[in-house]
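Data block for model-v5.pdb (PDB, C-alpha atoms, pLDDT in the B column):
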```
ATOM      1  CA  VAL A  65       0.000   0.000   0.000  1.00 81.00           C
ATOM      2  CA  PRO A  66       1.198   3.577  -0.452  1.00 85.00           C
ATOM      3  CA  GLN A  67       3.364   5.018   2.318  1.00 89.00           C
ATOM      4  CA  VAL A  68       1.546   7.564   4.486  1.00 89.00           C
ATOM      5  CA  TYR A  69       3.885  10.492   5.113  1.00 94.00           C
ATOM      6  CA  GLY A  70       1.678  12.640   7.287  1.00 94.00           C
ATOM      7  CA  PHE A  71      -1.775  13.303   8.724  1.00 91.00           C
ATOM      8  CA  CYS A  72      -3.376  16.692   9.268  1.00 92.00           C
ATOM      9  CA  PRO A  73      -6.187  16.664  11.855  1.00 92.00           C
ATOM     10  CA  HIS A  74      -7.721  19.972  10.761  1.00 93.00           C
ATOM     11  CA  PRO A  75      -8.697  19.997   8.014  1.00 93.00           C
ATOM     12  CA  ARG A  76      -8.524  16.211   7.963  1.00 91.00           C
ATOM     13  CA  GLY A  77      -6.200  14.944   5.288  1.00 92.00           C
ATOM     14  CA  ILE A  78      -3.215  12.769   4.562  1.00 90.00           C
ATOM     15  CA  VAL A  79      -0.129  13.015   2.406  1.00 92.00           C
ATOM     16  CA  MET A  80       0.696   9.709   0.748  1.00 90.00           C
ATOM     17  CA  GLU A  81       3.324   8.307  -1.562  1.00 91.00           C
ATOM     18  CA  ARG A  82       2.594   8.702  -5.265  1.00 91.00           C
ATOM     19  CA  VAL A  83       2.501   5.254  -6.866  1.00 91.00           C
ATOM     20  CA  HIS A  84       2.520   4.645 -10.593  1.00 93.00           C
ATOM     21  CA  GLY A  85      -0.178   2.611 -12.256  1.00 95.00           C
ATOM     22  CA  HIS A  86      -3.625   2.724 -13.763  1.00 94.00           C
ATOM     23  CA  THR A  87      -7.058   2.414 -12.163  1.00 92.00           C
ATOM     24  CA  ASN A  88     -10.007   0.402 -13.467  1.00 93.00           C
ATOM     25  CA  LEU A  89      -8.861  -2.887 -14.948  1.00 94.00           C
ATOM     26  CA  ALA A  90     -11.550  -2.583 -17.635  1.00 93.00           C
ATOM     27  CA  THR A  91      -9.453   0.179 -19.256  1.00 93.00           C
ATOM     28  CA  CYS A  92      -6.632  -2.284 -20.027  1.00 95.00           C
ATOM     29  CA  PRO A  93      -6.922  -3.237 -23.718  1.00 94.00           C
ATOM     30  CA  ASP A  94      -5.041  -6.565 -23.400  1.00 96.00           C
ATOM     31  CA  PRO A  95      -7.158  -9.494 -22.097  1.00 96.00           C
ATOM     32  CA  ALA A  96      -4.044 -11.470 -21.086  1.00 97.00           C
ATOM     33  CA  GLU A  97      -2.753  -8.530 -19.039  1.00 97.00           C
ATOM     34  CA  ARG A  98      -6.158  -8.116 -17.359  1.00 97.00           C
ATOM     35  CA  ARG A  99      -6.133 -11.788 -16.354  1.00 97.00           C
ATOM     36  CA  ALA A 100      -2.547 -11.521 -15.067  1.00 98.00           C
ATOM     37  CA  VAL A 101      -3.363  -8.431 -12.988  1.00 98.00           C
ATOM     38  CA  LEU A 102      -6.483 -10.020 -11.487  1.00 98.00           C
ATOM     39  CA  GLU A 103      -4.534 -13.182 -10.625  1.00 98.00           C
ATOM     40  CA  HIS A 104      -1.795 -11.080  -9.011  1.00 98.00           C
ATOM     41  CA  TYR A 105      -4.409  -9.190  -6.996  1.00 98.00           C
ATOM     42  CA  MET A 106      -5.899 -12.481  -5.786  1.00 98.00           C
ATOM     43  CA  GLU A 107      -2.414 -13.649  -4.750  1.00 98.00           C
ATOM     44  CA  LEU A 108      -1.909 -10.440  -2.764  1.00 98.00           C
ATOM     45  CA  LEU A 109      -5.364 -10.786  -1.199  1.00 98.00           C
ATOM     46  CA  ALA A 110      -4.598 -14.387  -0.210  1.00 98.00           C
ATOM     47  CA  ARG A 111      -1.292 -13.290   1.368  1.00 98.00           C
ATOM     48  CA  MET A 112      -3.049 -10.449   3.200  1.00 98.00           C
ATOM     49  CA  HIS A 113      -5.699 -12.829   4.546  1.00 98.00           C
ATOM     50  CA  ALA A 114      -2.924 -15.103   5.869  1.00 98.00           C
ATOM     51  CA  LEU A 115      -1.262 -12.324   7.908  1.00 98.00           C
ATOM     52  CA  ASP A 116      -1.079 -12.629  11.688  1.00 98.00           C
ATOM     53  CA  THR A 117      -3.849 -10.445  13.147  1.00 98.00           C
ATOM     54  CA  ALA A 118      -1.908  -9.608  16.341  1.00 98.00           C
ATOM     55  CA  PRO A 119      -0.274  -6.433  14.919  1.00 97.00           C
ATOM     56  CA  PHE A 120      -3.666  -5.188  13.734  1.00 97.00           C
ATOM     57  CA  ILE A 121      -5.186  -5.824  17.156  1.00 97.00           C
ATOM     58  CA  ALA A 122      -2.235  -4.015  18.753  1.00 97.00           C
ATOM     59  CA  ALA A 123      -2.903  -1.084  16.402  1.00 95.00           C
ATOM     60  CA  GLY A 124      -6.510  -0.862  17.617  1.00 95.00           C
ATOM     61  CA  LEU A 125      -8.632  -3.077  15.365  1.00 95.00           C
ATOM     62  CA  ARG A 126     -11.120  -5.059  17.430  1.00 93.00           C
ATOM     63  CA  PRO A 127     -11.265  -8.800  16.782  1.00 95.00           C
ATOM     64  CA  PRO A 128     -14.762 -10.274  16.449  1.00 95.00           C
ATOM     65  CA  ALA A 129     -15.677 -12.320  19.516  1.00 90.00           C
ATOM     66  CA  ASP A 130     -17.911 -14.987  17.971  1.00 93.00           C
ATOM     67  CA  PRO A 131     -19.008 -16.451  14.610  1.00 93.00           C
ATOM     68  CA  GLN A 132     -21.902 -13.995  14.315  1.00 94.00           C
ATOM     69  CA  ARG A 133     -19.577 -10.994  14.661  1.00 95.00           C
ATOM     70  CA  ILE A 134     -17.049 -12.637  12.338  1.00 96.00           C
ATOM     71  CA  ALA A 135     -19.754 -12.891   9.666  1.00 95.00           C
ATOM     72  CA  LEU A 136     -21.383  -9.516  10.204  1.00 96.00           C
ATOM     73  CA  GLY A 137     -18.044  -7.695  10.163  1.00 94.00           C
ATOM     74  CA  ASP A 138     -18.650  -3.969   9.799  1.00 94.00           C
ATOM     75  CA  PHE A 139     -22.369  -4.382   9.062  1.00 97.00           C
ATOM     76  CA  ALA A 140     -23.487  -2.838  12.377  1.00 95.00           C
ATOM     77  CA  HIS A 141     -21.670   0.392  11.461  1.00 94.00           C
ATOM     78  CA  TRP A 142     -23.560   0.707   8.170  1.00 96.00           C
ATOM     79  CA  GLU A 143     -26.878  -0.310   9.736  1.00 97.00           C
ATOM     80  CA  ARG A 144     -26.537   2.328  12.493  1.00 97.00           C
ATOM     81  CA  GLY A 145     -25.925   5.031   9.889  1.00 97.00           C
ATOM     82  CA  TYR A 146     -28.909   3.855   7.876  1.00 98.00           C
ATOM     83  CA  ARG A 147     -31.221   3.804  10.928  1.00 97.00           C
ATOM     84  CA  LYS A 148     -30.100   7.293  11.967  1.00 97.00           C
ATOM     85  CA  ALA A 149     -30.712   8.775   8.506  1.00 96.00           C
ATOM     86  CA  LYS A 150     -33.843   6.804   7.536  1.00 96.00           C
ATOM     87  CA  ARG A 151     -36.829   9.086   6.869  1.00 96.00           C
ATOM     88  CA  ARG A 152     -39.295   6.880   5.000  1.00 97.00           C
ATOM     89  CA  PRO A 153     -40.232   3.228   4.595  1.00 96.00           C
ATOM     90  CA  GLU A 154     -37.580   1.185   2.792  1.00 97.00           C
ATOM     91  CA  PRO A 155     -39.089  -2.316   2.506  1.00 98.00           C
ATOM     92  CA  LEU A 156     -36.448  -3.794   0.190  1.00 97.00           C
ATOM     93  CA  ILE A 157     -33.564  -2.573   2.333  1.00 98.00           C
ATOM     94  CA  GLU A 158     -35.325  -3.783   5.497  1.00 98.00           C
ATOM     95  CA  PHE A 159     -35.911  -7.201   3.918  1.00 98.00           C
ATOM     96  CA  VAL A 160     -32.222  -7.565   3.022  1.00 98.00           C
ATOM     97  CA  ILE A 161     -31.089  -6.375   6.479  1.00 98.00           C
ATOM     98  CA  GLY A 162     -33.330  -9.029   8.020  1.00 98.00           C
ATOM     99  CA  TRP A 163     -31.994 -11.648   5.601  1.00 98.00           C
ATOM    100  CA  VAL A 164     -28.396 -10.755   6.506  1.00 98.00           C
ATOM    101  CA  HIS A 165     -29.140 -11.217  10.220  1.00 98.00           C
ATOM    102  CA  ARG A 166     -31.142 -14.438   9.705  1.00 97.00           C
ATOM    103  CA  ASN A 167     -28.563 -16.112   7.467  1.00 97.00           C
ATOM    104  CA  VAL A 168     -25.284 -15.536   9.308  1.00 97.00           C
ATOM    105  CA  PRO A 169     -22.921 -18.424   8.456  1.00 95.00           C
ATOM    106  CA  ARG A 170     -22.219 -19.575  12.010  1.00 92.00           C
ATOM    107  CA  GLU A 171     -19.542 -22.135  11.107  1.00 93.00           C
ATOM    108  CA  ARG A 172     -17.019 -19.518   9.957  1.00 93.00           C
ATOM    109  CA  THR A 173     -14.214 -19.091  12.503  1.00 94.00           C
ATOM    110  CA  GLN A 174     -11.211 -17.753  10.579  1.00 95.00           C
ATOM    111  CA  VAL A 175     -10.451 -14.094  11.271  1.00 97.00           C
ATOM    112  CA  SER A 176      -8.255 -12.153   8.857  1.00 97.00           C
ATOM    113  CA  PHE A 177      -7.297  -8.572   8.135  1.00 98.00           C
ATOM    114  CA  LEU A 178      -9.738  -7.427   5.422  1.00 98.00           C
ATOM    115  CA  ALA A 179      -9.677  -4.579   2.940  1.00 97.00           C
ATOM    116  CA  GLY A 180     -13.361  -4.101   3.677  1.00 95.00           C
ATOM    117  CA  ASP A 181     -13.906  -2.605   0.210  1.00 95.00           C
ATOM    118  CA  SER A 182     -11.920  -5.033  -1.906  1.00 96.00           C
ATOM    119  CA  GLY A 183     -10.880  -4.801  -5.525  1.00 96.00           C
ATOM    120  CA  GLN A 184      -9.307  -1.341  -5.427  1.00 95.00           C
ATOM    121  CA  PHE A 185      -5.773  -1.202  -6.785  1.00 96.00           C
ATOM    122  CA  LEU A 186      -3.443   0.340  -9.329  1.00 96.00           C
ATOM    123  CA  PHE A 187      -1.763  -1.813 -11.974  1.00 97.00           C
ATOM    124  CA  ASP A 188       0.931  -1.638 -14.631  1.00 97.00           C
ATOM    125  CA  LYS A 189       2.492  -4.198 -17.000  1.00 95.00           C
ATOM    126  CA  GLY A 190       0.471  -7.145 -15.748  1.00 96.00           C
ATOM    127  CA  ARG A 191       1.062  -6.544 -12.047  1.00 97.00           C
ATOM    128  CA  VAL A 192      -0.652  -4.760  -9.197  1.00 97.00           C
ATOM    129  CA  THR A 193       1.505  -1.792  -8.198  1.00 96.00           C
ATOM    130  CA  THR A 194      -0.448  -0.935  -5.046  1.00 95.00           C
ATOM    131  CA  MET A 195      -3.626  -1.815  -3.169  1.00 96.00           C
ATOM    132  CA  LEU A 196      -5.826   1.145  -2.216  1.00 92.00           C
ATOM    133  CA  ASP A 197      -8.568   2.406   0.070  1.00 89.00           C
ATOM    134  CA  PHE A 198      -8.197   0.594   3.363  1.00 92.00           C
ATOM    135  CA  GLU A 199     -10.164   3.228   5.287  1.00 90.00           C
ATOM    136  CA  VAL A 200     -12.884   0.674   6.103  1.00 92.00           C
ATOM    137  CA  ALA A 201     -10.490  -2.230   6.805  1.00 96.00           C
ATOM    138  CA  TYR A 202     -11.415  -4.508   9.695  1.00 97.00           C
ATOM    139  CA  LEU A 203     -10.896  -7.999  11.116  1.00 97.00           C
ATOM    140  CA  GLY A 204     -13.392 -10.593   9.948  1.00 97.00           C
ATOM    141  CA  ASP A 205     -14.228 -13.434   7.578  1.00 97.00           C
ATOM    142  CA  PRO A 206     -11.926 -13.492   4.513  1.00 98.00           C
ATOM    143  CA  ALA A 207     -14.943 -14.533   2.419  1.00 98.00           C
ATOM    144  CA  ALA A 208     -16.160 -10.938   2.922  1.00 98.00           C
ATOM    145  CA  ASP A 209     -13.432  -9.535   0.661  1.00 98.00           C
ATOM    146  CA  LEU A 210     -14.220 -12.209  -1.930  1.00 98.00           C
ATOM    147  CA  GLY A 211     -17.926 -11.338  -1.871  1.00 97.00           C
ATOM    148  CA  GLY A 212     -17.058  -7.649  -2.135  1.00 96.00           C
ATOM    149  CA  LEU A 213     -15.314  -8.297  -5.447  1.00 97.00           C
ATOM    150  CA  ARG A 214     -18.651  -9.212  -6.990  1.00 96.00           C
ATOM    151  CA  SER A 215     -19.993  -5.738  -6.182  1.00 93.00           C
ATOM    152  CA  ARG A 216     -16.791  -3.983  -7.246  1.00 94.00           C
ATOM    153  CA  THR A 217     -16.892  -5.619 -10.670  1.00 94.00           C
ATOM    154  CA  LEU A 218     -20.320  -4.067 -11.354  1.00 93.00           C
ATOM    155  CA  SER A 219     -18.844  -0.551 -11.456  1.00 91.00           C
ATOM    156  CA  GLU A 220     -15.232  -1.385 -12.359  1.00 92.00           C
ATOM    157  CA  PRO A 221     -15.234  -4.644 -14.340  1.00 94.00           C
ATOM    158  CA  LEU A 222     -12.482  -6.899 -13.016  1.00 96.00           C
ATOM    159  CA  GLY A 223     -12.934  -9.849 -15.351  1.00 95.00           C
ATOM    160  CA  ASP A 224     -13.765 -13.469 -14.616  1.00 96.00           C
ATOM    161  CA  ILE A 225     -14.500 -13.454 -10.870  1.00 97.00           C
ATOM    162  CA  ALA A 226     -15.155 -17.220 -10.792  1.00 97.00           C
ATOM    163  CA  ALA A 227     -11.681 -17.896 -12.240  1.00 97.00           C
ATOM    164  CA  ALA A 228     -10.206 -15.353  -9.800  1.00 98.00           C
ATOM    165  CA  LEU A 229     -11.811 -17.176  -6.858  1.00 98.00           C
ATOM    166  CA  GLU A 230     -10.409 -20.476  -8.136  1.00 98.00           C
ATOM    167  CA  HIS A 231      -6.940 -18.898  -8.319  1.00 98.00           C
ATOM    168  CA  TYR A 232      -7.331 -17.563  -4.760  1.00 98.00           C
ATOM    169  CA  ALA A 233      -8.260 -21.079  -3.578  1.00 98.00           C
ATOM    170  CA  ARG A 234      -5.174 -22.552  -5.283  1.00 98.00           C
ATOM    171  CA  VAL A 235      -2.931 -19.941  -3.665  1.00 98.00           C
ATOM    172  CA  ARG A 236      -4.479 -20.522  -0.235  1.00 97.00           C
ATOM    173  CA  GLY A 237      -4.384 -24.294  -0.701  1.00 97.00           C
ATOM    174  CA  GLU A 238      -7.949 -24.709   0.513  1.00 95.00           C
ATOM    175  CA  PRO A 239     -11.386 -24.667  -1.103  1.00 96.00           C
ATOM    176  CA  ILE A 240     -13.560 -21.585  -0.938  1.00 96.00           C
ATOM    177  CA  ASP A 241     -16.862 -21.753   0.917  1.00 97.00           C
ATOM    178  CA  ILE A 242     -19.022 -20.410  -1.917  1.00 97.00           C
ATOM    179  CA  ALA A 243     -22.084 -20.191   0.340  1.00 97.00           C
ATOM    180  CA  ALA A 244     -20.113 -17.840   2.625  1.00 97.00           C
ATOM    181  CA  VAL A 245     -18.982 -15.777  -0.379  1.00 98.00           C
ATOM    182  CA  ASP A 246     -22.628 -15.598  -1.530  1.00 98.00           C
ATOM    183  CA  TYR A 247     -23.680 -14.414   1.937  1.00 98.00           C
ATOM    184  CA  HIS A 248     -21.002 -11.715   1.960  1.00 98.00           C
ATOM    185  CA  THR A 249     -21.962 -10.631  -1.549  1.00 97.00           C
ATOM    186  CA  VAL A 250     -25.433  -9.771  -0.223  1.00 98.00           C
ATOM    187  CA  ARG A 251     -24.122  -8.325   3.064  1.00 97.00           C
ATOM    188  CA  PHE A 252     -21.632  -6.061   1.292  1.00 97.00           C
ATOM    189  CA  GLY A 253     -24.021  -5.212  -1.537  1.00 96.00           C
ATOM    190  CA  ILE A 254     -26.699  -3.734   0.723  1.00 97.00           C
ATOM    191  CA  CYS A 255     -24.270  -1.432   2.559  1.00 95.00           C
ATOM    192  CA  THR A 256     -24.255   1.231  -0.160  1.00 93.00           C
ATOM    193  CA  PRO A 257     -28.066   1.399  -0.418  1.00 94.00           C
ATOM    194  CA  MET A 258     -28.185   1.653   3.394  1.00 95.00           C
TER
END
```
Take the structure in the file and give it back as structure tokens.
Amino acid sequence: VPQVYGFCPHPRGIVMERVHGHTNLATCPDPAERRAVLEHYMELLARMHALDTAPFIAAGLRPPADPQRIALGDFAHWERGYRKAKRRPEPLIEFVIGWVHRNVPRERTQVSFLAGDSGQFLFDKGRVTTMLDFEVAYLGDPAADLGGLRSRTLSEPLGDIAAALEHYARVRGEPIDIAAVDYHTVRFGICTPM
């Protein structure tokens, strides 16, 4: 990720390292390069998910205490903001919020450092040059970042997400729980409408 050189509390802002590369993988004209970049991103994501969480806890991130909190991740934050700002009936959003709470995958126990808003990076010459936008990073289920990719690709097409998930599984050396990724696709997808 880019080096942070300084933080200004008022007005809030940061000065970060300038990193070369391009945004939006869909702008790359070469299909082979797009595939290579997406595979490299999945390798980096797999490595990030394998990191020891102790340094992140020491830095102030709170580990989830049980499988429900592992699955819900940062959902309570988004739901609180929605409830505070809600001014009219929103039946579809309410239905999905209820679904998210009713369908928590309770067997998920792995906790990893997550981007929280995955799929944001710069790339050049078939490689990711930097991963971006960790302002909503948290500790939770790694399937959450995988589900988030499905939403990201709607606005910034990433390519073949199914093949990317298969590559991630090969790198991790373990199968992906697709039902958990499906759950997180819905959980992440409703956060913006909320």
Next on the checklist: On this structure, the PyMOL selection byres ((chain A and resi 244) around 10) would catch which residues? List them as a list in words, sorted by chain and number.
Outcome noted: Ala135, Asn167, Val168, Pro169, Arg170, Glu171, Arg172, Asp205, Pro206, Ala207, Ala208, Leu210, Gly211, Ile240, Asp241, Ile242, Ala243, Val245, Asp246, Tyr247, His248 and Thr249 of chain A
Selection dump of the PyMOL selection byres ((chain A and resi 183) around 9), as a PDB file with C-alpha atoms, in the coordinates of the input:
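Below is the file selection.pdb, written as the result:
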```pdb
ATOM      1  CA  TYR A 105      -4.409  -9.190  -6.996  1.00 98.00           C
ATOM      2  CA  ALA A 179      -9.677  -4.579   2.940  1.00 97.00           C
ATOM      3  CA  ASP A 181     -13.906  -2.605   0.210  1.00 95.00           C
ATOM      4  CA  SER A 182     -11.920  -5.033  -1.906  1.00 96.00           C
ATOM      5  CA  GLN A 184      -9.307  -1.341  -5.427  1.00 95.00           C
ATOM      6  CA  PHE A 185      -5.773  -1.202  -6.785  1.00 96.00           C
ATOM      7  CA  MET A 195      -3.626  -1.815  -3.169  1.00 96.00           C
ATOM      8  CA  LEU A 196      -5.826   1.145  -2.216  1.00 92.00           C
ATOM      9  CA  ASP A 209     -13.432  -9.535   0.661  1.00 98.00           C
ATOM     10  CA  LEU A 210     -14.220 -12.209  -1.930  1.00 98.00           C
ATOM     11  CA  GLY A 212     -17.058  -7.649  -2.135  1.00 96.00           C
ATOM     12  CA  LEU A 213     -15.314  -8.297  -5.447  1.00 97.00           C
ATOM     13  CA  ARG A 216     -16.791  -3.983  -7.246  1.00 94.00           C
ATOM     14  CA  THR A 217     -16.892  -5.619 -10.670  1.00 94.00           C
ATOM     15  CA  GLU A 220     -15.232  -1.385 -12.359  1.00 92.00           C
ATOM     16  CA  LEU A 222     -12.482  -6.899 -13.016  1.00 96.00           C
TER      17      LEU A 222
END
```
With 6 Å on each side, where is the centre of the axis-aligned box around all listed atoms of segment 221-224 of chain A, and how long are its edges in Å to one decimal, as lines of an AutoDock Vina configuration file?
```
center_x = -13.9
center_y = -9.1
center_z = -14.2
size_x = 14.8
size_y = 20.8
size_z = 14.3
```
Item to check | Selected residue, from A:Pro257, A:Gly237, A:Pro73, A:Pro221, that lies nearest to Ala90 of chain A when counting all atoms listed in the file | outcome: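 Of A:Pro257, A:Gly237, A:Pro73, A:Pro221, the one nearest Ala90 of chain A is A:Pro221, counting all atoms listed in the file.
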Checklist entry - To one decimal place, how far is atom CA of Phe187 of chain A from atom CA of Ala123 of chain A in Å? => result 28.4 Å
